[in-house]
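Visitor: The following block contains the structure, expressed as structure tokens.
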Amino acid sequence: MKLTLLCVGDMHLGRRPLIAGSLRELMGHATGRLRPLHAWNEVVKRAVSEHVDAVLLLGDVVDKEHGIFEAYGPLEKGVRSLEEAGISVFAVAGNHDMKALPRLAAEIPHFHLLGSKGTWEHFDLLKEGVPLARLVGWSFPQEEVKENPFGHFTITDHLPGSPMAVIGLLHCDRDKPSSRYAPVSTRDFDDIRISAWFLGHIHKPDDLSGKRPCGYAGSLMGMDPTERGPHGPWLVTVENREVTCRHLPLSPLRWEEVVIPIDGIRESGDLLSPIVQGIESRLDELKDELGEKSAVGCRVRLSGRTSLHGILAGEVKKLAIETLCRHHDRVAYFIDKVSWDETRPELPLEEYARENDPPGILAKLILALERNDSSAKELIREAKKELEREKFRSSWNLLDASDPDDEQVRSLLLLAGLDALDALAAQHQAH
């Protein structure tokens with residue numbers, strides 16, 4: 001027999017994500033879907049459709065005390081729907097909901113809070129009367145906990161007498177000893193007698209697909225532009241004491257960073273097209289991870305060389321790119337921010353190369369590298385020799401690194417040459 005579980009990281013029910021006003025204009029009332037409450041409803045539906053045996057919540061289910069009024073109804077309704085499907089819910093409290101969750105657990109049947117009052121507690125999961133896994137958990141007793149919870153953890157107290165998987169649930173701050181939120185060390189999770197550890201608090205998910213999952217499940221949905229990439233619950237399978245995980249990107253709102261090259265663009269009116277094409281190309285890559293009526297917030301980074309470099313701030317503002325909001329297939333997208341730190345001025349290489357001063361000599365080398373002619377091949381050979389010597393001179397561990405091929409070295413030389421020419425040109429101009 002095997003157990004199937006759905007593990008959910010920080011939900012923060014009651015919080016509203018940061019979305020652009022233009023998205024509200026585009027989606028109207030549908031922006032109500034872009035909230036943790038809707039994501040929780042999707043978790044409940046998925047748990048029922050996957051016939052899971054239990055749902056695990058890793059703390060910060062509710063976004064502080066004020067969130068309980070908005071969160072209680074949907075949370076209770078979801079738990080009751082799971083109960084009707086024969087699915088129990090187990091949770092540990094985090095620093096945001098250490099008061100709310102005990103109250104909810106006291107009022108909602110089949111909602112089990114592990115480790116209340118800051119004590120470790122375990123609970124056995126049975127299927128057809130057979131114990132298949134033991135859950136071990138600890139909950140925040142107050143908003144701030146500066147001591148390591150493992151200081152009160154004796155593993156032998158929680159090891160089962162019969163052979164079954166042991167799964168740890170904890171809301172904590174890993175490898176930050178001065179943290180106010182249950183600081184722990186990576187070494188605390190080393191004991192292989194515990195088959196898996198699922199952690200809450202950090203919103204960026206770890207890779208839990210390994211043989212012994214141990215790490216942060218991540219937040220249920222990205223709440224702001226810093227929480228990029230896929231978010232959602234983990235489908236956990238327990239069989240023969242082994243635990244395996246698969247990420248389900250169910251979040252209705254996703255944040256992405258998109259790099260847009262604008263090399264050679266000389267007219268401000270030509271900026272919009274590559275930005276739209278770059279974003280929509282990225283959305284096409286993500287189509288298998290994006291659900292219907294979902295939204296993507298994009299942070300755009302412009303890169304490359306353009307004659308607009310010095311006036312990009314004004315041109316972006318003039319075009320109102322940050323108010324851009326459109327539909328692409330089933331997905332609405334908007335631009336949260338545009339940055340141009342990676343752009344550089346367009347350099348008149350041919351003009352510089354007519355001179356024999358330092359900028360001119362460097363420009364000739366760059367042009368040779370762009371043409372990839374015989375003199376460029378000589379430069380590449382010399383650079384590869386220097387890189388080889390650097391392996392033995394440097395204190396960095398480069399010996400295990402694979403040697404770059406000619407094209408990689410040529411790209412490296414081009415970047416270095418252009419940056420150096422930027423500096424030389426600036427000095428020449430100042431002089």
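Within each chain, counting starts at residue 1; across the structure tokens, chains are named A, B, ... in the order shown, with ligands numbered 1 upward in that order.
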Using DSSP on the backbone coordinates, identify all residues within range 146-292 of chain A classified as strand (DSSP E or B); present the result as JSON, numbers by chain.
Guide: {"A": [165, 166, 167, 168, 169, 170, 171, 173, 174, 181, 183, 184, 196, 197, 198, 199, 200, 214, 215, 216, 234, 235, 236, 237, 238, 239, 242, 243, 244, 245, 246, 247, 253, 254, 255, 256, 257, 258, 259, 260, 261]}
Visitor: Quick one: everything within 9 Å of Asn372 in chain A, counting only C-alpha atoms, minus sequence neighbours fewer than 5 positions away in the same chain. Send it as a ChimeraX atom specification.
Guide: /A:367,377,410
Visitor: Could you pull out the alpha helix (DSSP H) residues of range 77-224 of chain A from DSSP and send them as number ranges by chain?
Guide: A: 77-84, 100-107
Visitor: I'd like the contact shell of Ala85 in chain A - 10 Å cut-off, only C-alpha atoms, skipping same-chain residues fewer than 2 positions apart - returned as a ChimeraX atom specification.
Guide: /A:47-49,51-53,79-83,87-88
Visitor: Between CA of Ile192 in chain A and CA of Gly210 in chain A, what is the distance in Å, rounded to a tenth?
Guide: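 Here the two named atoms are 13.6 Å from each other.
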Visitor: Do you know which residues are at most 10 Å from range 96-101 of chain A counting only C-alpha atoms, after dropping those on the same chain fewer than 3 positions away, and could you put them as number ranges by chain?
Guide: A: 10, 12, 59-69, 71-72, 91-93, 104-107, 111-113, 116-118, 139-144, 201
Visitor: In Å, with one decimal, what is the gap from CA of Leu23 in chain A to CA of Arg330 in chain A?
Guide: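 Going from CA of Leu23 in chain A over to CA of Arg330 in chain A, I get 14.2 Å.
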Visitor: Give me, as a tab-separated table, each residue of range 2-98 of chain A that comes within 10 Å of range 215-227 of chain A, together with its shortest interatomic pair and the distance in Å at one decimal, counting only C-alpha atoms, with rows ordered by chain and rising residue number.
Guide:
```
residue	atom	partner	partner_atom	distance
A:Cys7	CA	A:Ala217	CA	7.5
A:Val8	CA	A:Leu220	CA	6.5
A:Gly9	CA	A:Ser219	CA	4.9
A:Asp10	CA	A:Ser219	CA	4.4
A:Met11	CA	A:Leu220	CA	5.2
A:His12	CA	A:Ser219	CA	8.4
A:Leu13	CA	A:Leu220	CA	10.0
A:Arg15	CA	A:Met223	CA	8.4
A:Arg16	CA	A:Met223	CA	7.4
A:Pro17	CA	A:Met223	CA	4.6
A:Leu18	CA	A:Asp224	CA	5.5
A:Ile19	CA	A:Asp224	CA	8.0
A:Leu34	CA	A:Met221	CA	8.9
A:Arg35	CA	A:Met221	CA	8.1
A:Pro36	CA	A:Met221	CA	6.7
A:Ala39	CA	A:Leu220	CA	7.2
A:Trp40	CA	A:Leu220	CA	8.1
A:Val43	CA	A:Leu220	CA	9.1
A:Leu57	CA	A:Ala217	CA	9.9
A:Leu58	CA	A:Ala217	CA	8.2
A:Asp60	CA	A:Ser219	CA	9.3
A:Val61	CA	A:Leu220	CA	9.6
```
Visitor: Keeping only N, CA, C and O atoms, write the selected residues as a compact mmCIF listing (two decimals), in the first residue's frame.
Guide:
```txt
# COMPACT_ATOMS: atom_id res chain seq x y z
N CYS A 7 1.26 18.47 0.15
CA CYS A 7 2.00 19.30 1.10
C CYS A 7 1.95 20.75 0.62
O CYS A 7 2.35 21.05 -0.52
N VAL A 8 1.49 21.65 1.49
CA VAL A 8 1.26 23.05 1.10
C VAL A 8 2.09 23.97 1.99
O VAL A 8 1.99 23.93 3.22
N GLY A 9 2.90 24.82 1.36
CA GLY A 9 3.70 25.80 2.09
C GLY A 9 2.88 27.01 2.48
O GLY A 9 1.64 26.99 2.46
N ASP A 10 3.55 28.08 2.82
CA ASP A 10 2.91 29.30 3.33
C ASP A 10 1.78 29.78 2.41
O ASP A 10 2.03 30.10 1.24
N MET A 11 0.56 29.86 2.94
CA MET A 11 -0.59 30.31 2.13
C MET A 11 -0.90 31.79 2.35
O MET A 11 -1.32 32.48 1.43
N HIS A 12 -0.77 32.27 3.58
CA HIS A 12 -1.05 33.67 3.92
C HIS A 12 -2.46 34.07 3.47
O HIS A 12 -2.65 35.09 2.81
N LEU A 13 -3.44 33.26 3.85
CA LEU A 13 -4.83 33.60 3.54
C LEU A 13 -5.17 34.95 4.17
O LEU A 13 -4.89 35.19 5.34
N ARG A 15 -4.08 37.80 2.69
CA ARG A 15 -3.18 38.78 2.07
C ARG A 15 -3.56 38.96 0.60
O ARG A 15 -4.02 38.02 -0.05
N ARG A 16 -3.31 40.14 0.09
CA ARG A 16 -3.56 40.41 -1.32
C ARG A 16 -2.23 40.64 -2.04
O ARG A 16 -1.40 41.40 -1.55
N PRO A 17 -2.04 40.02 -3.18
CA PRO A 17 -0.78 40.19 -3.91
C PRO A 17 -0.67 41.57 -4.53
O PRO A 17 -1.67 42.27 -4.72
N LEU A 18 0.55 41.95 -4.88
CA LEU A 18 0.81 43.23 -5.53
C LEU A 18 0.60 43.08 -7.03
O LEU A 18 1.40 42.45 -7.71
N ILE A 19 -0.50 43.64 -7.54
CA ILE A 19 -0.74 43.57 -8.97
C ILE A 19 -0.99 44.97 -9.51
O ILE A 19 -1.41 45.87 -8.78
N LEU A 34 -6.81 35.88 -8.34
CA LEU A 34 -5.37 35.99 -8.12
C LEU A 34 -5.07 36.24 -6.65
O LEU A 34 -4.31 37.13 -6.29
N ARG A 35 -5.65 35.43 -5.78
CA ARG A 35 -5.46 35.59 -4.35
C ARG A 35 -5.26 34.22 -3.71
O ARG A 35 -5.71 33.19 -4.25
N PRO A 36 -4.61 34.19 -2.55
CA PRO A 36 -4.39 32.89 -1.89
C PRO A 36 -5.67 32.12 -1.61
O PRO A 36 -5.66 30.89 -1.62
N ALA A 39 -6.33 30.13 -4.56
CA ALA A 39 -5.33 29.07 -4.67
C ALA A 39 -5.65 27.93 -3.69
O ALA A 39 -5.45 26.75 -4.01
N TRP A 40 -6.12 28.28 -2.48
CA TRP A 40 -6.51 27.26 -1.50
C TRP A 40 -7.67 26.41 -2.03
O TRP A 40 -7.67 25.18 -1.90
N VAL A 43 -6.29 23.93 -4.33
CA VAL A 43 -5.63 22.85 -3.58
C VAL A 43 -6.65 21.81 -3.14
O VAL A 43 -6.44 20.60 -3.27
N LEU A 57 -0.16 21.19 6.02
CA LEU A 57 0.03 22.65 5.96
C LEU A 57 1.21 23.04 6.83
O LEU A 57 1.29 22.65 8.00
N LEU A 58 2.13 23.84 6.26
CA LEU A 58 3.42 24.09 6.90
C LEU A 58 3.52 25.45 7.59
O LEU A 58 4.59 26.02 7.69
N ASP A 60 1.94 29.58 8.64
CA ASP A 60 1.55 30.82 7.98
C ASP A 60 0.39 30.56 7.02
O ASP A 60 0.34 31.08 5.90
N VAL A 61 -0.55 29.75 7.49
CA VAL A 61 -1.77 29.48 6.73
C VAL A 61 -2.59 30.76 6.65
O VAL A 61 -3.16 31.11 5.63
```
Visitor: Could you name the residues that touch Thr237 in chain A at 8 Å or less, counting only C-alpha atoms, but leaving out those on the same chain fewer than 2 positions away, as an MDAnalysis selection string?
Guide: chainID A and resid 2:5 235 239 243:245
Visitor: Using N, CA, C and O atoms, can you write the selected residues to a file as a compact mmCIF listing (two decimals), in the first residue's frame?
Guide:
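Everything below was put into selection10.txt:
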```
# COMPACT_ATOMS: atom_id res chain seq x y z
N LYS A 2 0.29 2.34 -0.48
CA LYS A 2 1.01 3.60 -0.46
C LYS A 2 0.10 4.72 0.00
O LYS A 2 -1.13 4.64 -0.13
N LEU A 3 0.70 5.75 0.55
CA LEU A 3 0.00 6.96 0.97
C LEU A 3 0.27 8.05 -0.05
O LEU A 3 1.38 8.18 -0.57
N THR A 4 -0.75 8.87 -0.30
CA THR A 4 -0.57 10.05 -1.14
C THR A 4 -0.95 11.27 -0.32
O THR A 4 -2.04 11.31 0.29
N LEU A 5 -0.06 12.25 -0.26
CA LEU A 5 -0.26 13.44 0.54
C LEU A 5 -0.13 14.68 -0.35
O LEU A 5 0.54 14.64 -1.39
N LEU A 235 2.86 17.14 -4.47
CA LEU A 235 2.20 15.85 -4.37
C LEU A 235 3.22 14.84 -3.86
O LEU A 235 4.25 14.60 -4.51
N GLU A 239 5.75 5.18 -0.03
CA GLU A 239 5.63 3.75 -0.33
C GLU A 239 6.89 3.03 0.11
O GLU A 239 8.00 3.45 -0.23
N VAL A 243 9.91 8.28 0.27
CA VAL A 243 9.07 9.46 0.03
C VAL A 243 9.53 10.13 -1.26
O VAL A 243 10.71 10.44 -1.43
N THR A 244 8.60 10.35 -2.17
CA THR A 244 8.91 11.05 -3.42
C THR A 244 7.93 12.21 -3.59
O THR A 244 6.79 12.16 -3.13
N CYS A 245 8.39 13.27 -4.27
CA CYS A 245 7.59 14.50 -4.39
C CYS A 245 7.54 14.99 -5.83
O CYS A 245 8.50 14.84 -6.58
```
